[in-house]
Amino acid sequence: MKKLWTVLYLILTISACALPFAGKLWYREAESSENRVLAEAPKLRTEEGLNINYLADAGTYFEDHFAYRQEMVTADALLRGKLLGVSTAEGVIKGTGGWLYYKDSLEDYLGGNVLSDRAAYNIAHTLKMMQTYVEEQGGQFLFTIAPNKNTLYGENMPYYYKIKIADEHNREKIAEMLLKQGVNYADLFAFFAQRDETLYHLRDSHWNNKGAALVSDLLLDMLGKAHTSHEGASYTVQEDFEGDLDKMLYPLAVTPEEEIYYDTEFTYEYTQEIESTFDPLIQTVNDAKQGSLLMYRDSFGNALLPFVAEEFGSARFSRGVPYYLGDMQACQADTVIVERAERFVPDMRKNPPVVQTGEAHLAPLRAEILPRDSANLTNCQITAEGAFTKISGTVDEAYMSVETEIYVRVDGAALYEAFPVTLEQEGQETDFGYVLYLEEGQMQSGEHLIELFTVTEGVMQQVYQGYVES
């Protein structure tokens with residue numbers, strides 16, 4: 001009998017170990033709900049020749065695709081979540097009362113990634129330059145930040161995250177700088193703080209349909225756009241929504257939660273087939289409405305899109321970064337909205353829009369020549385980027401203040417304001433960088449005279465002059 005139990009134990013152990021591999025013969029792998037790209041099947045030969053890392057790549061692939069992986073992940077998550085109250089998904093925080101939070105928002109919640117004053121200026125002034133460009137084209141511009149879920153409903157965060165690193169947050173610094181720069185800004189933090197009801201999903205990282213509808217009302221109100229108001233509108237509630245965080249944590253045991261569906265019927269149409277409202281580029285038309293919209297958005301735009309698309313004769317929704325403002329002419333937009341999730345706003349200091357700004361006229365300013373220690377002070381580079389020529393570099397911090405503007409002149413011709421950005425210099429980030437885009441045909445290959453100017457409190461100073469090869 002003892003030998004029989006030993007044999008049975010060995011059979012069960014070997015079977016359990018072999019199942020993830022042998023099960024690949026019949027197992028049909030479900031679509032992954034993880035918030036990452038799973039490893040692809042390796043190739044023995046690549047364009048470079050024999051893949052010497054084939055075995056290592058095969059091991060990585062197997063770790064992501066072995067049979068019954070989703071079932072095992074779900075079982076492990078249920079056991080730990082229900083018994084110990086902890087999350088097994090790397091990107092998910094398990095809160096109290098059934099609440100789930102996206103871990104990428106933790107730094108914002110704790111105040112651990114506060115931007116410098118200059119970095120906040122870079123974001124706000126770039127948006128101001130975008131606004132100026134849009135207005136010069138005869139359009140309206142509006143910027144808004146979609147709050148992180150735990151910024152609004154942090155009372156259900158785990159107790160061990162209650163101690164904050166800092167009281168100052170990026171949203172406050174940027175809002176203050178946006179006000180100083182005169183950017184048309186829809187403050188959703190204040191908007192949601194005034195609402196008594198919960199307008200985000202418990203098991204998803206985004207707002208629900210009612211939250212999206214009310215945000216749409218606010219944005220359109222600020223633009224002076226006539227629209228159907230959803231304040232007090234009738235709706236039905238269905239328990240059929242599956243949250244993104246829930247799918248990440250329990251891929252095969254998702255708990256549907258309530259979603260709101262307004263009784264009004266949408267009349268807009270898509271101009272192409274789409275898989276979901278998270279497609280990278282979506283275009284809509286509505287023959288019953290007027291006006292044309294260009295909207296740059298992220299995942300918070302998924303629920304927002306129908307309510308906004310309904311109110312424009314045509315609309316173009318893009319998830320592309322950096323923003324190509326030339327899209328404004330392509331779709332003849334008279335309105336541009338930029339929506340960015342709170343956790344992604346800091347990235348805006350590094351990704352200026354791709355567009356040529358208008359010529360600057362700074363005749364009233366006083367110009368000075370500053371002494372230079374190095375002929376290569378700005379580390380200036382001229383590179384091709386699509387249909388544009390990109391001029392970029394950095395300025396010595398000694399010549400800069402928090403709100404210093406940067407201007408570039410090429411070959412003694414027109415003067416253009418450059419976007420202030422955060423760039424990497426010698427392995428370190430500096431907030432005193434600049435990027436200027438010139439349209440195709442404005443510069444030929446060869447050597448060019450580059451003059452760099454700064455403007456601080458109305459005083460213009462030339463800080464660099466030299467030749468750069470393109």
# chains A, B, ... in the order shown; residues from 1 in each chain; ligands from 1
$ select_by_dssp --residues "region 93-180 of chain A" --states "alpha helix (DSSP H)" --output "PyMOL selection string"
chain A and resi 106-110+117-136+149-152+170-180
$ select_by_dssp --residues "region 127-230 of chain A" --states "strand (DSSP E)" --output "PyMOL selection string"
chain A and resi 140-146+185-186
$ write_last_selection --atoms "all heavy atoms" --output "PDB file, in the first residue's frame"
ATOM      1  N   GLN A 140     -10.568  77.300 -31.423  1.00  0.00           N
ATOM      2  CA  GLN A 140     -10.607  77.367 -29.966  1.00  0.00           C
ATOM      3  C   GLN A 140      -9.790  76.224 -29.384  1.00  0.00           C
ATOM      4  O   GLN A 140      -9.761  75.119 -29.937  1.00  0.00           O
ATOM      5  CB  GLN A 140     -12.039  77.260 -29.451  1.00  0.00           C
ATOM      6  CG  GLN A 140     -12.884  78.493 -29.622  1.00  0.00           C
ATOM      7  CD  GLN A 140     -14.242  78.310 -28.963  1.00  0.00           C
ATOM      8  OE1 GLN A 140     -15.117  77.616 -29.485  1.00  0.00           O
ATOM      9  NE2 GLN A 140     -14.414  78.917 -27.803  1.00  0.00           N
ATOM     10  N   PHE A 141      -9.160  76.476 -28.237  1.00  0.00           N
ATOM     11  CA  PHE A 141      -8.304  75.473 -27.598  1.00  0.00           C
ATOM     12  C   PHE A 141      -8.745  75.274 -26.153  1.00  0.00           C
ATOM     13  O   PHE A 141      -9.091  76.233 -25.455  1.00  0.00           O
ATOM     14  CB  PHE A 141      -6.845  75.931 -27.629  1.00  0.00           C
ATOM     15  CG  PHE A 141      -5.887  74.977 -26.964  1.00  0.00           C
ATOM     16  CD1 PHE A 141      -5.348  73.916 -27.667  1.00  0.00           C
ATOM     17  CD2 PHE A 141      -5.523  75.147 -25.627  1.00  0.00           C
ATOM     18  CE1 PHE A 141      -4.456  73.031 -27.053  1.00  0.00           C
ATOM     19  CE2 PHE A 141      -4.636  74.279 -25.018  1.00  0.00           C
ATOM     20  CZ  PHE A 141      -4.104  73.215 -25.732  1.00  0.00           C
ATOM     21  N   LEU A 142      -8.712  74.012 -25.697  1.00  0.00           N
ATOM     22  CA  LEU A 142      -9.048  73.701 -24.303  1.00  0.00           C
ATOM     23  C   LEU A 142      -8.215  72.519 -23.831  1.00  0.00           C
ATOM     24  O   LEU A 142      -8.080  71.517 -24.543  1.00  0.00           O
ATOM     25  CB  LEU A 142     -10.537  73.366 -24.171  1.00  0.00           C
ATOM     26  CG  LEU A 142     -11.067  73.090 -22.764  1.00  0.00           C
ATOM     27  CD1 LEU A 142     -10.919  74.322 -21.873  1.00  0.00           C
ATOM     28  CD2 LEU A 142     -12.522  72.642 -22.813  1.00  0.00           C
ATOM     29  N   PHE A 143      -7.658  72.660 -22.636  1.00  0.00           N
ATOM     30  CA  PHE A 143      -6.856  71.590 -22.032  1.00  0.00           C
ATOM     31  C   PHE A 143      -7.524  71.134 -20.745  1.00  0.00           C
ATOM     32  O   PHE A 143      -8.078  71.948 -19.992  1.00  0.00           O
ATOM     33  CB  PHE A 143      -5.445  72.084 -21.729  1.00  0.00           C
ATOM     34  CG  PHE A 143      -4.603  71.107 -20.951  1.00  0.00           C
ATOM     35  CD1 PHE A 143      -4.216  69.901 -21.517  1.00  0.00           C
ATOM     36  CD2 PHE A 143      -4.191  71.385 -19.648  1.00  0.00           C
ATOM     37  CE1 PHE A 143      -3.444  68.990 -20.806  1.00  0.00           C
ATOM     38  CE2 PHE A 143      -3.420  70.482 -18.935  1.00  0.00           C
ATOM     39  CZ  PHE A 143      -3.037  69.287 -19.517  1.00  0.00           C
ATOM     40  N   THR A 144      -7.463  69.826 -20.484  1.00  0.00           N
ATOM     41  CA  THR A 144      -7.997  69.308 -19.229  1.00  0.00           C
ATOM     42  C   THR A 144      -7.192  68.103 -18.770  1.00  0.00           C
ATOM     43  O   THR A 144      -6.563  67.409 -19.574  1.00  0.00           O
ATOM     44  CB  THR A 144      -9.481  68.925 -19.371  1.00  0.00           C
ATOM     45  OG1 THR A 144     -10.047  68.739 -18.073  1.00  0.00           O
ATOM     46  CG2 THR A 144      -9.663  67.647 -20.190  1.00  0.00           C
ATOM     47  N   ILE A 145      -7.204  67.871 -17.464  1.00  0.00           N
ATOM     48  CA  ILE A 145      -6.512  66.733 -16.850  1.00  0.00           C
ATOM     49  C   ILE A 145      -7.553  65.820 -16.223  1.00  0.00           C
ATOM     50  O   ILE A 145      -8.381  66.264 -15.418  1.00  0.00           O
ATOM     51  CB  ILE A 145      -5.513  67.201 -15.773  1.00  0.00           C
ATOM     52  CG1 ILE A 145      -4.446  68.103 -16.384  1.00  0.00           C
ATOM     53  CG2 ILE A 145      -4.871  65.995 -15.082  1.00  0.00           C
ATOM     54  CD1 ILE A 145      -3.506  68.719 -15.350  1.00  0.00           C
ATOM     55  N   ALA A 146      -7.533  64.534 -16.591  1.00  0.00           N
ATOM     56  CA  ALA A 146      -8.423  63.546 -15.992  1.00  0.00           C
ATOM     57  C   ALA A 146      -7.804  63.053 -14.679  1.00  0.00           C
ATOM     58  O   ALA A 146      -6.730  62.448 -14.699  1.00  0.00           O
ATOM     59  CB  ALA A 146      -8.639  62.375 -16.948  1.00  0.00           C
ATOM     60  N   TYR A 185      -8.187  76.192 -19.414  1.00  0.00           N
ATOM     61  CA  TYR A 185      -8.036  74.946 -18.654  1.00  0.00           C
ATOM     62  C   TYR A 185      -9.333  74.602 -17.948  1.00  0.00           C
ATOM     63  O   TYR A 185      -9.894  75.431 -17.211  1.00  0.00           O
ATOM     64  CB  TYR A 185      -6.900  75.106 -17.650  1.00  0.00           C
ATOM     65  CG  TYR A 185      -6.770  73.992 -16.644  1.00  0.00           C
ATOM     66  CD1 TYR A 185      -6.570  72.672 -17.048  1.00  0.00           C
ATOM     67  CD2 TYR A 185      -6.825  74.251 -15.270  1.00  0.00           C
ATOM     68  CE1 TYR A 185      -6.442  71.651 -16.125  1.00  0.00           C
ATOM     69  CE2 TYR A 185      -6.687  73.241 -14.333  1.00  0.00           C
ATOM     70  CZ  TYR A 185      -6.494  71.932 -14.762  1.00  0.00           C
ATOM     71  OH  TYR A 185      -6.370  70.927 -13.841  1.00  0.00           O
ATOM     72  N   ALA A 186      -9.812  73.384 -18.159  1.00  0.00           N
ATOM     73  CA  ALA A 186     -10.991  72.874 -17.461  1.00  0.00           C
ATOM     74  C   ALA A 186     -10.525  72.090 -16.243  1.00  0.00           C
ATOM     75  O   ALA A 186      -9.917  71.020 -16.373  1.00  0.00           O
ATOM     76  CB  ALA A 186     -11.810  71.979 -18.390  1.00  0.00           C
TER      77      ALA A 186
END
$ closest_atom_pairs --of "region 250-300 of chain A" --to "region 340-345 of chain A" --cutoff "9 Å" --atoms "only C-alpha atoms" --output "Markdown table"
| residue | atom | partner | partner_atom | distance |
| --- | --- | --- | --- | --- |
| A:Tyr296 | CA | A:Arg340 | CA | 8.1 |
| A:Arg297 | CA | A:Arg340 | CA | 6.0 |
| A:Asp298 | CA | A:Arg340 | CA | 6.2 |
| A:Ser299 | CA | A:Ala341 | CA | 8.0 |
| A:Phe300 | CA | A:Ala341 | CA | 7.0 |
$ atom_distance --atom1 "CA of Glu403 (chain A)" --atom2 "CA of Met348 (chain A)"
16.7 Å
$ residues_around --residues "region 107-112 of chain A" --least-positions-apart "4" --cutoff "12 Å" --atoms "only C-alpha atoms" --output "ChimeraX atom specification"
/A:101-103,147-155,157,160-173,341-346
$ closest_residue --among "A:His448, A:Ser392, A:Gln131, A:Thr383" --to "Ala413 (chain A)" --atoms "only C-alpha atoms"
A:His448
